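**Q** target-v6.txt is the file, holding compact mmCIF, C-alpha atoms:
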# COMPACT_ATOMS: atom_id res chain seq x y z
CA ASP D 19 0.00 0.00 0.00
CA GLY D 20 1.09 3.58 -0.57
CA ASP D 21 -0.12 6.92 0.82
CA ASN D 22 1.01 10.48 0.15
CA LEU D 23 3.49 9.47 -2.57
CA THR D 24 4.91 11.62 -5.36
CA PHE D 25 6.37 10.26 -8.60
CA THR D 26 7.92 12.87 -10.91
CA ASN D 27 9.86 12.54 -14.19
CA ASN D 28 10.55 8.82 -13.96
CA GLN D 29 10.82 6.88 -17.19
CA THR D 30 11.64 3.63 -18.95
CA SER D 31 13.46 3.15 -22.24
CA THR D 32 11.70 4.52 -25.32
CA THR D 33 11.75 1.00 -26.83
CA SER D 34 10.78 -1.21 -23.88
CA GLY D 35 9.44 -1.08 -20.34
CA ASN D 36 6.14 -0.56 -18.56
CA GLY D 37 5.12 1.58 -15.61
CA GLY D 38 7.04 4.84 -15.60
CA GLY D 39 6.15 5.39 -11.96
CA ILE D 40 5.03 1.92 -10.75
CA TYR D 41 4.88 -1.49 -12.42
CA ALA D 42 3.06 -4.22 -10.46
CA GLN D 43 2.85 -7.73 -11.89
CA SER D 44 2.18 -11.26 -10.69
CA SER D 45 0.59 -14.48 -11.89
CA ALA D 46 -0.69 -14.94 -8.31
CA PRO D 47 -3.43 -12.77 -6.74
CA TYR D 48 -2.14 -9.42 -5.49
CA THR D 49 -3.40 -6.10 -4.17
CA VAL D 50 -2.37 -2.50 -4.88
CA ARG D 51 -3.73 0.39 -2.79
CA ILE D 52 -2.60 3.96 -3.50
CA THR D 53 -4.15 7.01 -1.86
CA ASN D 54 -3.50 10.77 -1.76
CA SER D 55 -0.67 10.56 -4.28
CA ALA D 56 0.54 12.27 -7.46
CA PHE D 57 2.15 11.11 -10.71
CA SER D 58 3.53 13.77 -13.04
CA GLY D 59 5.91 13.84 -15.99
CA ASN D 60 6.52 10.09 -16.03
CA ARG D 61 6.81 8.03 -19.22
CA ALA D 62 6.73 4.36 -20.25
CA LEU D 63 5.53 2.33 -23.22
CA SER D 64 2.47 1.21 -21.23
CA GLY D 65 1.15 2.98 -18.17
CA SER D 66 3.37 6.02 -17.96
CA GLY D 67 2.14 6.60 -14.43
CA ILE D 68 1.19 3.06 -13.32
CA THR D 69 0.96 -0.34 -15.02
CA THR D 70 -0.66 -3.38 -13.39
CA TRP D 71 -0.41 -6.87 -14.89
CA GLY D 72 -2.21 -10.03 -13.75
CA VAL D 73 -5.48 -11.90 -14.08
CA ASN D 74 -6.18 -11.72 -10.33
CA GLN D 75 -5.25 -8.14 -9.52
CA ASP D 76 -7.14 -6.02 -6.98
CA VAL D 77 -6.33 -2.33 -7.48
CA GLU D 78 -7.68 0.73 -5.68
CA LEU D 79 -6.66 4.31 -6.49
CA HIS D 80 -8.23 6.99 -4.29
CA ASN D 81 -7.47 10.71 -4.57
CA VAL D 82 -4.63 10.11 -7.00
CA SER D 83 -3.66 12.68 -9.64
CA PHE D 84 -2.05 11.87 -13.00
CA ASP D 85 -0.77 15.02 -14.68
CA GLY D 86 1.38 15.37 -17.78
CA ASN D 87 2.50 11.75 -18.03
CA GLY D 88 3.33 10.04 -21.34
CA SER D 89 4.33 11.57 -24.64
CA THR D 90 2.82 12.53 -27.99
CA THR D 91 6.05 11.77 -29.86
CA GLU D 92 7.72 8.57 -28.62
CA GLY D 93 8.03 5.98 -25.89
CA ALA D 94 4.39 5.98 -24.71
CA PHE D 95 1.60 4.21 -26.55
CA ARG D 96 -0.83 2.66 -24.04
CA GLY D 97 -2.28 4.41 -21.00
CA GLY D 98 -0.71 7.82 -20.56
CA GLY D 99 -1.74 7.75 -16.91
CA PHE D 100 -2.70 4.18 -16.03
CA ALA D 101 -2.67 0.83 -17.87
CA ALA D 102 -4.11 -2.47 -16.64
CA PHE D 103 -3.55 -5.84 -18.26
CA SER D 104 -6.07 -7.87 -16.30
CA GLY D 105 -8.45 -10.83 -16.51
CA THR D 106 -11.25 -12.87 -15.01
CA ASN D 107 -10.95 -11.99 -11.34
CA ALA D 108 -9.54 -8.48 -11.64
CA LYS D 109 -11.12 -5.62 -9.70
CA ILE D 110 -9.91 -2.08 -10.43
CA LYS D 111 -11.39 0.93 -8.65
CA ILE D 112 -10.49 4.55 -9.32
CA ASP D 113 -12.28 7.12 -7.16
CA SER D 114 -12.00 10.86 -6.51
CA SER D 115 -9.00 11.13 -8.82
CA SER D 116 -7.89 13.22 -11.79
CA PHE D 117 -6.24 12.58 -15.16
CA LEU D 118 -5.02 15.80 -16.76
CA ASN D 119 -2.82 16.38 -19.82
CA ASN D 120 -1.63 12.80 -20.18
CA SER D 121 -0.81 11.45 -23.63
CA VAL D 122 0.15 8.54 -25.86
CA THR D 123 1.10 8.21 -29.52
CA GLN D 124 0.70 5.51 -32.16
CA GLN D 125 3.27 2.70 -32.04
CA PRO D 126 3.75 1.25 -35.55
CA MET D 127 1.93 -2.07 -36.05
CA ILE D 128 0.72 -2.16 -32.42
CA VAL D 129 -2.71 -1.30 -31.02
CA SER D 130 -2.23 2.06 -29.33
CA GLY D 131 -4.42 4.42 -27.31
CA GLY D 132 -5.81 5.53 -23.99
CA GLY D 133 -4.46 9.00 -23.35
CA ALA D 134 -5.42 8.64 -19.69
CA ILE D 135 -6.40 4.97 -19.13
CA TYR D 136 -5.87 1.75 -21.11
CA THR D 137 -7.23 -1.71 -20.30
CA SER D 138 -6.75 -5.08 -21.99
CA SER D 139 -7.58 -8.65 -20.96
CA LEU D 140 -4.96 -11.37 -20.64
CA ASP D 141 -7.52 -14.20 -20.95
CA ASP D 142 -10.36 -12.64 -22.99
CA LEU D 143 -12.58 -12.73 -19.90
CA PRO D 144 -13.79 -9.59 -18.13
CA GLY D 145 -12.64 -8.21 -14.84
CA VAL D 146 -14.32 -5.08 -13.50
CA LEU D 147 -13.18 -1.46 -13.81
CA THR D 148 -15.07 1.16 -11.78
CA VAL D 149 -14.24 4.85 -12.17
CA SER D 150 -16.21 7.30 -10.01
CA ASN D 151 -16.14 10.96 -8.98
CA THR D 152 -13.21 11.60 -11.28
CA ARG D 153 -12.11 14.31 -13.73
CA ILE D 154 -10.52 13.25 -17.03
CA GLU D 155 -9.46 16.32 -18.99
CA ALA D 156 -7.19 17.36 -21.88
CA ASN D 157 -5.70 13.92 -22.47
CA THR D 158 -4.48 13.02 -25.95
CA ALA D 159 -4.09 9.90 -28.06
CA ALA D 160 -1.99 11.37 -30.86
CA ASP D 161 -1.44 10.39 -34.50
CA ASP D 162 -3.60 7.31 -35.25
CA ALA D 163 -4.08 6.24 -31.62
CA ASP D 164 -7.61 5.88 -30.21
CA GLY D 165 -9.46 6.74 -27.01
CA GLY D 166 -8.32 10.16 -25.85
CA ALA D 167 -9.37 9.43 -22.27
CA TYR D 168 -10.00 5.66 -22.17
CA TYR D 169 -9.21 2.79 -24.55
CA SER D 170 -10.51 -0.73 -23.95
CA ILE D 171 -9.57 -3.80 -25.99
CA ASN D 172 -11.41 -7.03 -25.03
CA SER D 173 -10.76 -6.06 -21.45
CA VAL D 174 -13.19 -5.37 -18.60
CA ASN D 175 -16.75 -4.61 -17.65
CA ALA D 176 -16.22 -0.87 -17.34
CA ASN D 177 -18.39 1.38 -15.18
CA PHE D 178 -18.10 5.17 -15.17
CA ASP D 179 -20.22 7.03 -12.60
CA ASN D 180 -20.05 10.81 -12.06
CA VAL D 181 -17.04 11.26 -14.32
CA ASP D 182 -16.28 14.48 -16.23
CA PHE D 183 -14.70 13.99 -19.66
CA PHE D 184 -13.52 17.40 -20.90
CA SER D 185 -11.46 18.26 -24.01
CA ASN D 186 -9.91 14.87 -24.67
CA SER D 187 -8.84 14.02 -28.23
CA SER D 188 -7.87 11.12 -30.47
CA GLN D 189 -8.36 9.60 -33.91
CA ASP D 190 -11.33 7.41 -32.91
CA GLY D 191 -13.38 8.03 -29.76
CA GLY D 192 -12.34 11.45 -28.50
CA ALA D 193 -13.05 10.42 -24.90
CA ILE D 194 -13.79 6.67 -25.00
CA ALA D 195 -12.96 3.93 -27.52
CA ASN D 196 -14.37 0.51 -26.60
CA PHE D 197 -13.37 -2.17 -29.10
CA ILE D 198 -13.94 -5.93 -29.22
CA PHE D 199 -12.17 -8.29 -31.59
CA ASN D 200 -13.59 -11.58 -32.87
CA ASN D 201 -12.64 -14.97 -31.47
CA ASN D 202 -12.26 -17.28 -34.48
CA ASP D 203 -12.36 -21.06 -34.17
CA THR D 204 -13.41 -24.23 -35.99
CA ILE D 205 -15.79 -26.67 -34.29
CA ALA D 206 -16.67 -29.98 -36.00
CA GLY D 207 -15.31 -28.56 -39.21
CA VAL D 208 -17.51 -25.45 -39.02
CA PRO D 209 -15.78 -22.06 -38.77
CA THR D 210 -17.16 -20.04 -35.86
CA PHE D 211 -16.86 -16.33 -35.25
CA THR D 212 -17.88 -15.14 -31.81
CA LEU D 213 -17.53 -11.96 -29.85
CA PRO D 214 -16.52 -11.98 -26.18
CA GLU D 215 -18.96 -10.11 -23.96
CA PHE D 216 -17.76 -6.96 -22.21
CA GLU D 217 -19.94 -4.20 -20.77
CA LEU D 218 -19.52 -0.44 -20.88
CA ASN D 219 -21.83 1.40 -18.46
CA ILE D 220 -21.88 5.19 -18.15
CA ASP D 221 -24.02 6.98 -15.56
CA ASN D 222 -24.30 10.58 -14.34
CA SER D 223 -21.35 11.70 -16.43
CA THR D 224 -20.50 14.69 -18.62
CA PHE D 225 -18.80 14.79 -22.03
CA VAL D 226 -17.87 18.30 -23.20
CA THR D 227 -15.60 19.51 -26.04
CA ASN D 228 -14.04 16.14 -26.75
CA GLY D 229 -12.88 15.60 -30.32
CA ALA D 230 -11.95 12.83 -32.76
CA SER D 231 -10.49 13.17 -36.22
CA LEU D 232 -12.20 10.02 -37.57
CA GLN D 233 -15.41 9.16 -35.68
CA GLY D 234 -17.09 9.34 -32.30
CA GLY D 235 -16.32 12.79 -30.93
CA ALA D 236 -17.00 11.55 -27.40
CA ILE D 237 -17.55 7.76 -27.66
CA SER D 238 -16.77 5.16 -30.32
CA THR D 239 -17.50 1.45 -30.04
CA GLN D 240 -16.52 -1.39 -32.37
CA ARG D 241 -18.52 -4.64 -32.05
CA ALA D 242 -19.34 -3.62 -28.47
CA GLY D 243 -22.44 -2.53 -26.59
CA VAL D 244 -22.83 0.51 -24.38
CA ASN D 245 -25.35 1.52 -21.71
CA ILE D 246 -25.68 5.25 -20.97
CA SER D 247 -28.00 6.99 -18.53
CA ASN D 248 -28.39 10.48 -17.02
CA SER D 249 -25.41 11.91 -18.85
CA VAL D 250 -24.70 15.09 -20.82
CA PHE D 251 -22.99 15.45 -24.22
CA ALA D 252 -22.17 18.97 -25.42
CA ASN D 253 -19.86 20.48 -28.05
CA ASN D 254 -18.13 17.23 -28.98
CA GLU D 255 -17.06 16.89 -32.62
CA VAL D 256 -15.39 14.91 -35.38
CA SER D 257 -13.16 16.91 -37.67
CA THR D 258 -12.99 14.77 -40.83
CA GLU D 259 -15.39 15.72 -43.61
CA GLY D 260 -18.16 13.11 -43.83
CA ALA D 261 -17.18 11.37 -40.58
CA GLY D 262 -19.94 10.20 -38.23
CA GLY D 263 -20.94 10.38 -34.61
CA GLY D 264 -20.28 13.92 -33.43
CA ALA D 265 -20.98 12.68 -29.92
CA ILE D 266 -21.46 8.88 -30.16
CA ILE D 267 -20.97 6.23 -32.82
CA VAL D 268 -21.91 2.58 -32.20
CA ASN D 269 -20.31 0.37 -34.85
CA GLY D 270 -21.52 -3.19 -35.30
CA ALA D 271 -20.02 -6.05 -37.24
CA SER D 272 -21.18 -8.99 -39.26
CA PRO D 273 -23.23 -11.16 -36.88
CA SER D 274 -21.37 -13.88 -35.02
CA VAL D 275 -21.85 -17.49 -36.16
CA ASP D 276 -22.18 -20.41 -33.75
CA ALA D 277 -21.22 -24.08 -34.36
CA GLU D 278 -24.58 -24.80 -36.02
CA GLY D 279 -24.11 -21.92 -38.43
CA THR D 280 -26.73 -19.76 -36.70
CA TYR D 281 -26.25 -16.00 -36.91
CA GLU D 282 -26.32 -14.05 -33.67
CA PHE D 283 -26.45 -10.32 -33.02
CA ALA D 284 -23.11 -8.67 -32.38
CA PHE D 285 -23.89 -5.71 -30.14
CA ALA D 286 -26.55 -3.57 -28.49
CA ALA D 287 -26.88 0.01 -27.33
CA ASP D 288 -29.12 1.18 -24.49
CA ILE D 289 -29.28 4.96 -24.02
CA THR D 290 -31.80 6.22 -21.49
CA CYS D 291 -32.73 9.54 -19.89
CA GLU D 292 -34.41 9.51 -16.50
For this file, produce the structure as structure tokens.

**A**
Amino acid sequence: DGDNLTFTNNQTSTTSGNGGGIYAQSSAPYTVRITNSAFSGNRALSGSGITTWGVNQDVELHNVSFDGNGSTTEGAFRGGGFAAFSGTNAKIKIDSSSFLNNSVTQQPMIVSGGGAIYTSSLDDLPGVLTVSNTRIEANTAADDADGGAYYSINSVNANFDNVDFFSNSSQDGGAIANFIFNNNDTIAGVPTFTLPEFELNIDNSTFVTNGASLQGGAISTQRAGVNISNSVFANNEVSTEGAGGGAIIVNGASPSVDAEGTYEFAFAADITCE
């Protein structure tokens, strides 16, 4: 556990290394608790502030600030503030924290994004990410990177409650990019194409002046569902002529196919105002 810690201008190599401030990893269950702490000016390939790795991780960040970590030019391509490579039993909680002016850039031939936060699953099964009472502002996923604030790849059931997303930017999903990739297999000689199930739930949150160059000024999903309630979207935009989803774009895919050759729906969107 750590309380009242400051990490400033720490870095890994520009070609390798995770966790500019802290890197926690284990194949066994482990716990990380950090409170009342600050990470600024750190840089690493993944998680310029903090990286956690492990299927069974239990992480809590409370009143932690991430300011100016990462880079828009080199040596930082996943999670300018925080990156989690998790799995089935992972629980990650971020509360009463801030992510300001963090950044990543595109790494050639590698999935890149998450100016503030990046999550990915190690076993294609969802852990749980909960972000509450938090400000995520002016984070950048530069060049062709996605998810200016948050980028998820086959990762977690993500829950955002009372989170302010202000002025984040990227290529796809100015604030949030939530992407799911197919699992391809052959069963009894029949090719199957299925999509793992991951949830994205957004409640009581605000998206203002976020921007994407390609699509989804605030939120972009690929083959993934999203549930949104009691939230505000204002002055978000996409800058490319003819691009879609000034605030939200929900992209589907060809339906998945089970072993019997039956088509199934690939995604759903539930947007409610109460």

**Q** Name all residues at most 9 Å from Ser257 (chain D) (count all atoms listed in the file; drop same-chain ones fewer than 4 positions away) and give them as a list in words.

**A**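 Contacts, in chain order: Gly229, Ala230, Ser231, Leu232, Gln233, Gly235, Ala261 and Gly264 of chain D.
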
**Q** Considering all atoms listed in the file, state which residue in the set D:Val129, D:Ala101, D:Ile220, D:Val122 is at the smallest distance from Ala176 (chain D).

**A**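 For Ala176 (chain D), the nearest of the given residues is D:Ile220.
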
**Q** Which of these, D:Ser223, D:Asn228, D:Gln125, D:Thr24, has the shortest distance to Asn157 (chain D) once you count only C-alpha atoms?

**A**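 Answer, going by the shortest atom-to-atom distance: D:Asn228.
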
**Q** My list of candidates is D:Asn81, D:Asn60, D:Asn22, D:Ser104. Which is closest to Ala42 (chain D) when distances are computed with all atoms listed in the file?

**A** D:Ser104

**Q** Near region 75-79 of chain D, counting all atoms listed in the file, which residues have an atom at most 7 Å away, once you skip same-chain residues fewer than 2 positions from it, shown as a count of residues only?

**A** 18

**Q** Ranking D:Ala94, D:Ile198, D:Ile267, D:Val250 by minimum distance to Ser138 (chain D) and counting all atoms listed in the file, which one comes first?

**A**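 Using all atoms listed in the file, Ser138 (chain D) sits closest to D:Ile198.
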
**Q** Under the rule that all atoms listed in the file are counted, which of D:Ser185, D:Thr33, D:Asn172, D:Ser121 is the nearest residue to Gly133 (chain D)?

**A** D:Ser121

**Q** Give the answer as one residue: which of D:Phe183, D:Tyr168, D:Phe25, D:Tyr136 has the shortest atom-to-atom distance to Gly65 (chain D), using all atoms listed in the file?

**A**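 Closest candidate: D:Tyr136.
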
**Q** For CA of Gly88 (chain D) and CA of Gly67 (chain D), determine how far apart the two atoms are, in Å to one decimal place.

**A**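 The value is 7.8 Å.
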
**Q** To one decimal in Å, tell me the separation between CA of Thr137 (chain D) and CA of Ser89 (chain D).

**A**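 One can read the CA of Thr137 (chain D) to CA of Ser89 (chain D) distance as 18.1 Å.
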